[in-house]
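A.B. asks: Please read through the structure below; I'll follow up with questions.
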Amino acid sequence: NSAFITTYVKNMITMTHTLQINDGRLIPIVIPTQEQHDEITNIVDRIMESGNEDMYMEELNKKVEQLYMQS
């Protein structure tokens, strides 16, 4: 999980003033390259091992943002 979807939905509501269930279909799904997948999986593994999500969330958010901004 990252802040990307929250930010995306918040911006959509700000622009449209409403959000309906079907609007969720408009959220893009980006398929990562194997390298991007491995980087994100590595961060998630570290979160799971440490039990401390806060320590890695900034790094995870940056990777997910990079993934979506490249598309």
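Identifiers for the structure tokens are assigned positionally: chains receive A, B, ... in sequence, residues are indexed from 1 per chain, and ligands are indexed from 1 in the order shown.
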Write out as a VMD selection string all residues of chain A that backbone DSSP assigns to alpha helix (DSSP H).
C.D. replies: chain A and resid 3 to 16 34 to 50 54 to 70
A.B. asks: Need the shell around Val64 (chain A): protein/DNA/RNA residues with any atom at most 9 Å away, counting only C-alpha atoms. Skip same-chain ones fewer than 6 positions apart. Format as a PyMOL selection string?
C.D. replies: chain A and resi 2-4+36+40
A.B. asks: How about saving the chosen residues, C-alpha atoms kept, as a short mmCIF file (atom, residue, chain, number, x, y, z; two decimals), in the first residue's frame?
C.D. replies:
data_model
loop_
_atom_site.label_atom_id
_atom_site.label_comp_id
_atom_site.auth_asym_id
_atom_site.auth_seq_id
_atom_site.Cartn_x
_atom_site.Cartn_y
_atom_site.Cartn_z
CA SER A 2 1.21 3.49 -0.72
CA ALA A 3 -0.03 7.05 -0.65
CA PHE A 4 -0.47 7.06 -4.43
CA GLN A 36 10.62 -2.40 -10.49
CA ILE A 40 9.07 -2.83 -4.46
#
A.B. asks: With only C-alpha atoms as the counted atoms, please give the residues lying no more than 7 Å from Ile43 (chain A), apart from itself and same-chain residues fewer than 4 positions off, as an MDAnalysis selection string.
C.D. replies: chainID A and resid 39 47 56 60
A.B. asks: What gap, in Å, lies between CA of Asp23 (chain A) and CA of Val9 (chain A)?
C.D. replies: 9.2 Å
